[in-house]
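Shown here: protein.txt, compact mmCIF, N, CA and C atoms.
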```txt
# COMPACT_ATOMS: atom_id res chain seq x y z
N MET A 1 134.94 61.65 51.01
CA MET A 1 134.58 61.40 52.39
C MET A 1 135.31 60.18 52.95
N LYS A 2 135.57 59.20 52.07
CA LYS A 2 136.27 58.01 52.55
C LYS A 2 137.68 58.37 53.04
N GLU A 3 138.35 59.24 52.31
CA GLU A 3 139.70 59.66 52.72
C GLU A 3 139.65 60.37 54.07
N PHE A 4 138.66 61.25 54.25
CA PHE A 4 138.49 61.92 55.54
C PHE A 4 138.33 60.87 56.65
N ALA A 5 137.43 59.91 56.44
CA ALA A 5 137.15 58.89 57.46
C ALA A 5 138.39 58.07 57.77
N GLU A 6 139.14 57.69 56.76
CA GLU A 6 140.36 56.91 56.98
C GLU A 6 141.38 57.71 57.80
N ASN A 7 141.54 58.98 57.46
CA ASN A 7 142.46 59.84 58.21
C ASN A 7 141.99 60.04 59.64
N TRP A 8 140.69 60.24 59.81
CA TRP A 8 140.10 60.46 61.13
C TRP A 8 140.33 59.23 62.02
N ILE A 9 140.09 58.04 61.47
CA ILE A 9 140.31 56.79 62.21
C ILE A 9 141.80 56.66 62.56
N ALA A 10 142.68 56.91 61.59
CA ALA A 10 144.12 56.80 61.84
C ALA A 10 144.56 57.77 62.92
N ASP A 11 144.00 58.97 62.92
CA ASP A 11 144.37 59.94 63.94
C ASP A 11 143.89 59.49 65.32
N TRP A 12 142.71 58.95 65.42
CA TRP A 12 142.25 58.40 66.70
C TRP A 12 143.17 57.27 67.15
N ASN A 13 143.51 56.39 66.24
CA ASN A 13 144.34 55.24 66.61
C ASN A 13 145.77 55.64 66.97
N SER A 14 146.18 56.83 66.53
CA SER A 14 147.51 57.33 66.90
C SER A 14 147.54 57.80 68.35
N ARG A 15 146.35 58.05 68.90
CA ARG A 15 146.20 58.56 70.27
C ARG A 15 146.83 59.96 70.43
N ASP A 16 146.94 60.68 69.33
CA ASP A 16 147.50 62.03 69.34
C ASP A 16 146.32 63.02 69.33
N LEU A 17 146.02 63.57 70.49
CA LEU A 17 144.85 64.43 70.63
C LEU A 17 144.89 65.63 69.69
N ASP A 18 146.04 66.21 69.47
CA ASP A 18 146.12 67.36 68.55
C ASP A 18 145.75 66.95 67.13
N ARG A 19 146.18 65.76 66.71
CA ARG A 19 145.80 65.28 65.38
C ARG A 19 144.29 65.08 65.29
N VAL A 20 143.69 64.50 66.32
CA VAL A 20 142.24 64.29 66.32
C VAL A 20 141.53 65.64 66.27
N LEU A 21 141.92 66.55 67.14
CA LEU A 21 141.25 67.85 67.21
C LEU A 21 141.44 68.69 65.95
N SER A 22 142.45 68.39 65.15
CA SER A 22 142.68 69.16 63.93
C SER A 22 141.52 69.05 62.94
N HIS A 23 140.66 68.07 63.13
CA HIS A 23 139.50 67.88 62.24
C HIS A 23 138.32 68.78 62.63
N TYR A 24 138.38 69.40 63.81
CA TYR A 24 137.22 70.09 64.37
C TYR A 24 137.39 71.61 64.38
N ALA A 25 136.28 72.30 64.14
CA ALA A 25 136.26 73.77 64.17
C ALA A 25 136.25 74.27 65.61
N GLU A 26 136.67 75.50 65.78
CA GLU A 26 136.66 76.14 67.11
C GLU A 26 135.27 76.09 67.74
N GLU A 27 134.24 76.25 66.93
CA GLU A 27 132.87 76.33 67.43
C GLU A 27 132.13 74.99 67.41
N ILE A 28 132.87 73.89 67.42
CA ILE A 28 132.28 72.55 67.37
C ILE A 28 131.18 72.36 68.42
N VAL A 29 130.12 71.69 68.00
CA VAL A 29 129.07 71.23 68.91
C VAL A 29 129.04 69.72 68.76
N PHE A 30 129.37 69.01 69.84
CA PHE A 30 129.57 67.56 69.81
C PHE A 30 128.66 66.90 70.84
N THR A 31 127.83 65.96 70.39
CA THR A 31 126.88 65.29 71.26
C THR A 31 127.17 63.79 71.28
N SER A 32 127.23 63.22 72.50
CA SER A 32 127.59 61.81 72.64
C SER A 32 126.99 61.23 73.92
N PRO A 33 126.56 59.96 73.86
CA PRO A 33 126.10 59.30 75.08
C PRO A 33 127.19 59.20 76.14
N ARG A 34 128.43 59.06 75.72
CA ARG A 34 129.53 58.99 76.69
C ARG A 34 129.77 60.33 77.35
N ALA A 35 129.56 61.42 76.62
CA ALA A 35 129.67 62.75 77.23
C ALA A 35 128.60 62.91 78.30
N LEU A 36 127.41 62.42 78.02
CA LEU A 36 126.34 62.48 79.01
C LEU A 36 126.71 61.67 80.24
N ALA A 37 127.28 60.49 80.05
CA ALA A 37 127.65 59.63 81.18
C ALA A 37 128.80 60.22 82.00
N ARG A 38 129.82 60.74 81.32
CA ARG A 38 131.01 61.24 82.01
C ARG A 38 130.83 62.65 82.56
N LEU A 39 130.07 63.47 81.85
CA LEU A 39 129.89 64.87 82.24
C LEU A 39 128.41 65.23 82.20
N PRO A 40 127.63 64.72 83.15
CA PRO A 40 126.17 64.93 83.12
C PRO A 40 125.76 66.39 83.00
N LYS A 41 126.54 67.31 83.56
CA LYS A 41 126.16 68.73 83.50
C LYS A 41 126.11 69.26 82.07
N THR A 42 126.79 68.58 81.12
CA THR A 42 126.76 69.00 79.72
C THR A 42 125.49 68.57 79.02
N GLU A 43 124.72 67.69 79.66
CA GLU A 43 123.54 67.08 79.05
C GLU A 43 123.90 66.37 77.75
N GLY A 44 125.16 65.91 77.68
CA GLY A 44 125.62 65.14 76.54
C GLY A 44 126.17 65.96 75.39
N THR A 45 126.18 67.28 75.52
CA THR A 45 126.66 68.13 74.42
C THR A 45 127.85 68.96 74.88
N ILE A 46 128.95 68.79 74.16
CA ILE A 46 130.19 69.53 74.39
C ILE A 46 130.21 70.70 73.41
N ARG A 47 130.55 71.88 73.88
CA ARG A 47 130.53 73.07 73.02
C ARG A 47 131.90 73.74 72.99
N GLY A 48 132.46 73.84 71.81
CA GLY A 48 133.74 74.52 71.62
C GLY A 48 134.92 73.58 71.70
N ILE A 49 135.97 73.94 71.00
CA ILE A 49 137.16 73.08 70.87
C ILE A 49 137.87 72.87 72.20
N GLU A 50 137.89 73.88 73.06
CA GLU A 50 138.58 73.72 74.34
C GLU A 50 137.83 72.77 75.26
N GLN A 51 136.51 72.85 75.28
CA GLN A 51 135.73 71.90 76.08
C GLN A 51 135.88 70.49 75.51
N LEU A 52 135.96 70.37 74.18
CA LEU A 52 136.16 69.06 73.56
C LEU A 52 137.54 68.51 73.93
N ARG A 53 138.55 69.36 73.92
CA ARG A 53 139.90 68.95 74.34
C ARG A 53 139.87 68.43 75.78
N ASP A 54 139.22 69.17 76.67
CA ASP A 54 139.14 68.76 78.07
C ASP A 54 138.40 67.43 78.23
N TYR A 55 137.36 67.23 77.42
CA TYR A 55 136.58 65.99 77.47
C TYR A 55 137.41 64.80 77.00
N TRP A 56 138.16 64.98 75.91
CA TRP A 56 138.91 63.86 75.35
C TRP A 56 140.29 63.66 75.99
N ALA A 57 140.83 64.64 76.67
CA ALA A 57 142.18 64.55 77.22
C ALA A 57 142.42 63.31 78.08
N PRO A 58 141.49 62.89 78.94
CA PRO A 58 141.77 61.72 79.78
C PRO A 58 141.55 60.37 79.10
N LEU A 59 141.24 60.36 77.81
CA LEU A 59 140.93 59.08 77.15
C LEU A 59 142.09 58.09 77.18
N ALA A 60 143.31 58.57 77.13
CA ALA A 60 144.47 57.65 77.18
C ALA A 60 144.46 56.84 78.46
N GLU A 61 144.00 57.44 79.55
CA GLU A 61 143.91 56.73 80.82
C GLU A 61 142.63 55.92 80.92
N ILE A 62 141.52 56.49 80.48
CA ILE A 62 140.22 55.83 80.58
C ILE A 62 140.12 54.63 79.64
N ARG A 63 140.67 54.79 78.43
CA ARG A 63 140.58 53.74 77.41
C ARG A 63 141.97 53.51 76.81
N PRO A 64 142.87 52.89 77.58
CA PRO A 64 144.26 52.73 77.11
C PRO A 64 144.39 51.85 75.86
N ASN A 65 143.41 51.01 75.59
CA ASN A 65 143.46 50.13 74.42
C ASN A 65 142.61 50.64 73.27
N LEU A 66 142.25 51.92 73.29
CA LEU A 66 141.39 52.49 72.27
C LEU A 66 141.88 52.15 70.86
N LYS A 67 140.96 51.61 70.07
CA LYS A 67 141.27 51.30 68.68
C LYS A 67 139.97 51.28 67.90
N PHE A 68 139.92 52.08 66.85
CA PHE A 68 138.75 52.14 66.00
C PHE A 68 139.04 51.38 64.70
N SER A 69 138.01 50.69 64.21
CA SER A 69 138.10 49.97 62.93
C SER A 69 136.98 50.45 62.03
N LEU A 70 137.34 51.02 60.90
CA LEU A 70 136.37 51.58 59.96
C LEU A 70 135.55 50.48 59.31
N LYS A 71 134.23 50.66 59.32
CA LYS A 71 133.31 49.70 58.70
C LYS A 71 132.67 50.25 57.44
N ALA A 72 132.27 51.52 57.47
CA ALA A 72 131.62 52.13 56.30
C ALA A 72 131.58 53.64 56.48
N VAL A 73 131.42 54.32 55.34
CA VAL A 73 131.26 55.77 55.34
C VAL A 73 130.02 56.09 54.52
N LEU A 74 129.12 56.85 55.10
CA LEU A 74 127.90 57.26 54.42
C LEU A 74 127.96 58.76 54.21
N GLU A 75 127.70 59.20 52.98
CA GLU A 75 127.75 60.63 52.68
C GLU A 75 126.40 61.28 52.90
N THR A 76 126.43 62.53 53.31
CA THR A 76 125.25 63.36 53.39
C THR A 76 125.64 64.75 52.89
N VAL A 77 124.71 65.66 52.90
CA VAL A 77 124.99 67.02 52.46
C VAL A 77 125.95 67.66 53.47
N ASN A 78 127.09 68.12 52.99
CA ASN A 78 128.09 68.78 53.83
C ASN A 78 128.57 67.92 55.00
N GLY A 79 128.64 66.62 54.80
CA GLY A 79 129.12 65.78 55.89
C GLY A 79 129.08 64.31 55.58
N CYS A 80 129.26 63.53 56.63
CA CYS A 80 129.25 62.09 56.49
C CYS A 80 128.95 61.44 57.84
N THR A 81 128.60 60.17 57.76
CA THR A 81 128.49 59.33 58.94
C THR A 81 129.55 58.26 58.82
N VAL A 82 130.38 58.15 59.84
CA VAL A 82 131.42 57.14 59.87
C VAL A 82 130.95 56.01 60.78
N LEU A 83 130.85 54.81 60.22
CA LEU A 83 130.50 53.63 61.00
C LEU A 83 131.79 52.91 61.34
N TYR A 84 131.98 52.64 62.63
CA TYR A 84 133.20 51.97 63.06
C TYR A 84 132.91 51.15 64.31
N THR A 85 133.82 50.25 64.61
CA THR A 85 133.77 49.53 65.88
C THR A 85 134.94 50.02 66.72
N ASP A 86 134.72 49.97 68.04
CA ASP A 86 135.80 50.36 68.93
C ASP A 86 136.50 49.12 69.47
N GLU A 87 137.39 49.31 70.41
CA GLU A 87 138.19 48.20 70.94
C GLU A 87 137.36 47.13 71.63
N SER A 88 136.13 47.44 72.01
CA SER A 88 135.26 46.45 72.64
C SER A 88 134.27 45.85 71.65
N SER A 89 134.45 46.14 70.36
CA SER A 89 133.59 45.69 69.26
C SER A 89 132.23 46.37 69.25
N LEU A 90 132.08 47.46 70.00
CA LEU A 90 130.84 48.23 69.97
C LEU A 90 130.73 48.94 68.63
N LEU A 91 129.58 48.82 67.99
CA LEU A 91 129.33 49.53 66.74
C LEU A 91 128.94 50.96 67.05
N VAL A 92 129.62 51.90 66.39
CA VAL A 92 129.42 53.33 66.61
C VAL A 92 129.17 54.01 65.27
N ALA A 93 128.23 54.95 65.27
CA ALA A 93 127.99 55.80 64.11
C ALA A 93 128.25 57.23 64.55
N GLU A 94 129.13 57.90 63.84
CA GLU A 94 129.43 59.29 64.17
C GLU A 94 129.13 60.13 62.94
N THR A 95 128.12 60.98 63.07
CA THR A 95 127.73 61.86 61.98
C THR A 95 128.42 63.21 62.19
N MET A 96 129.10 63.66 61.15
CA MET A 96 129.85 64.91 61.22
C MET A 96 129.43 65.81 60.07
N LEU A 97 129.13 67.06 60.40
CA LEU A 97 128.80 68.07 59.39
C LEU A 97 129.95 69.06 59.33
N PHE A 98 130.30 69.47 58.12
CA PHE A 98 131.46 70.30 57.89
C PHE A 98 131.09 71.75 57.59
N GLY A 99 131.92 72.66 58.08
CA GLY A 99 131.79 74.07 57.73
C GLY A 99 132.47 74.33 56.40
N ALA A 100 132.42 75.58 55.97
CA ALA A 100 133.00 75.97 54.68
C ALA A 100 134.49 75.68 54.60
N ASP A 101 135.19 75.67 55.75
CA ASP A 101 136.63 75.42 55.76
C ASP A 101 136.98 73.93 55.83
N GLY A 102 135.96 73.06 55.81
CA GLY A 102 136.20 71.62 55.84
C GLY A 102 136.36 71.04 57.23
N LYS A 103 136.24 71.87 58.25
CA LYS A 103 136.34 71.39 59.63
C LYS A 103 134.96 70.96 60.13
N VAL A 104 134.94 70.00 61.04
CA VAL A 104 133.68 69.53 61.61
C VAL A 104 133.11 70.60 62.53
N ILE A 105 131.87 71.01 62.25
CA ILE A 105 131.21 72.01 63.09
C ILE A 105 130.15 71.37 63.99
N GLN A 106 129.70 70.16 63.62
CA GLN A 106 128.74 69.45 64.45
C GLN A 106 129.00 67.96 64.34
N GLY A 107 128.99 67.30 65.48
CA GLY A 107 129.18 65.86 65.52
C GLY A 107 128.16 65.23 66.46
N VAL A 108 127.57 64.13 66.02
CA VAL A 108 126.62 63.40 66.85
C VAL A 108 127.01 61.93 66.82
N VAL A 109 127.22 61.36 68.00
CA VAL A 109 127.63 59.98 68.13
C VAL A 109 126.43 59.14 68.56
N SER A 110 126.30 57.96 67.94
CA SER A 110 125.29 56.97 68.32
C SER A 110 125.97 55.65 68.55
N HIS A 111 125.59 54.96 69.63
CA HIS A 111 126.14 53.64 69.93
C HIS A 111 125.08 52.58 69.70
N ALA A 112 125.52 51.43 69.22
CA ALA A 112 124.59 50.31 69.07
C ALA A 112 124.07 49.90 70.43
N ILE A 113 122.82 49.51 70.48
CA ILE A 113 122.23 49.02 71.72
C ILE A 113 122.58 47.54 71.83
N VAL A 114 123.27 47.20 72.91
CA VAL A 114 123.72 45.83 73.11
C VAL A 114 122.81 45.19 74.14
N ALA A 115 122.25 44.05 73.76
CA ALA A 115 121.33 43.35 74.68
C ALA A 115 122.08 42.67 75.79
```

Before we go any further, please render this structure as structure tokens.
Amino acid sequence: MKEFAENWIADWNSRDLDRVLSHYAEEIVFTSPRALARLPKTEGTIRGIEQLRDYWAPLAEIRPNLKFSLKAVLETVNGCTVLYTDESSLLVAETMLFGADGKVIQGVVSHAIVA
């Protein structure tokens, strides 16, 4: 799982959307507070790889300094939680569950509550 997390972080930091999306299954279900904020009609849940592509496509413009730093990887059954900080030092936990082919089929993002 650590190797997966390191590759996932490196792919995000490359800002290459195809590399990032290569980790996800066609039927991905992805839930995030930022998805809720940016696309309220989704109720925070993105469904399918094409909707995920559309959601992440503008990130280069929205977050031009995007940079993730890996803090820890926690294993679970058929998945892991990746703890990382982003370019603003926000602590993020992203739990990803894998399908039989090793692709992420479900992802849930949690952000630290900052006072």

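Residue nearest Ile105 of chain A within the list A:His23, A:Lys2, A:Arg38, A:Arg15: A:His23 [criterion: smallest interatomic distance, all atoms listed in the file].
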
Write down as an NGL selection string the residues of chain A whose backbone DSSP state falls under helix (DSSP H, G or I).
:A and (2-14 or 17-21 or 33-38 or 40-42 or 49-56 or 59-62)

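Taking atom CA of Ala37 of chain A and atom C of Asp16 of chain A as the two end points, the separation is 22.4 Å.
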
Around (124.8, 66.4, 76.5) in the file's frame, which residues reach within 10 Å when counting only C-alpha atoms? Return as JSON, numbers by chain?
{"A": [29, 30, 31, 32, 33, 34, 35, 36, 37, 38, 39, 40, 41, 42, 43, 44, 45, 46, 47]}

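The spacing separating atom C of Gly102 of chain A from atom C of Asn7 of chain A amounts to 12.6 Å.
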
With DSSP run on the backbone, what are the strand (DSSP E or B) residues within segment 19-110 of chain A? I'd like them as number ranges by chain.
A: 24-31, 45-47, 69-76, 79-85, 91-98, 104-110

One residue among A:Asn13, A:Gln106, A:Phe98, A:Ile49 is nearest to Leu66 of chain A when using all atoms listed in the file, and that residue is A:Asn13

Spatial neighbours of Arg63 of chain A, max dist 12 Å, only C-alpha atoms, sep filter under 3 positions, as a list of chain:residue names
A:Trp12, A:Asn13, A:Arg15, A:Trp56, A:Ala57, A:Pro58, A:Leu59, A:Ala60, A:Leu66, A:Lys67, A:Phe68, A:Asp86, A:Glu87, A:Ser88

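Of the listed residues (A:Ala112, A:Ser14, A:Ala100, A:Ile9), A:Ser14 comes nearest to Asn65 of chain A; the distances count only C-alpha atoms.
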
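For the pair atom N of Thr95 of chain A and atom N of Asp54 of chain A, the interatomic distance is 19.4 Å.
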
Kindly list the centre and edge lengths in Å, rounded to one decimal, for the axis-aligned box that covers all listed atoms of segment 47-59 of chain A plus 6 Å on each of its six sides, as AutoDock Vina command-line options.
```
--center_x 136.5 --center_y 66.3 --center_z 75.3 --size_x 23.9 --size_y 28.4 --size_z 20.9
```

Neighbours of Leu70 of chain A within 7 Å (only N, CA and C atoms; same-chain residues fewer than 4 positions away dropped), as a PyMOL selection string?
chain A and resi 9+83-85
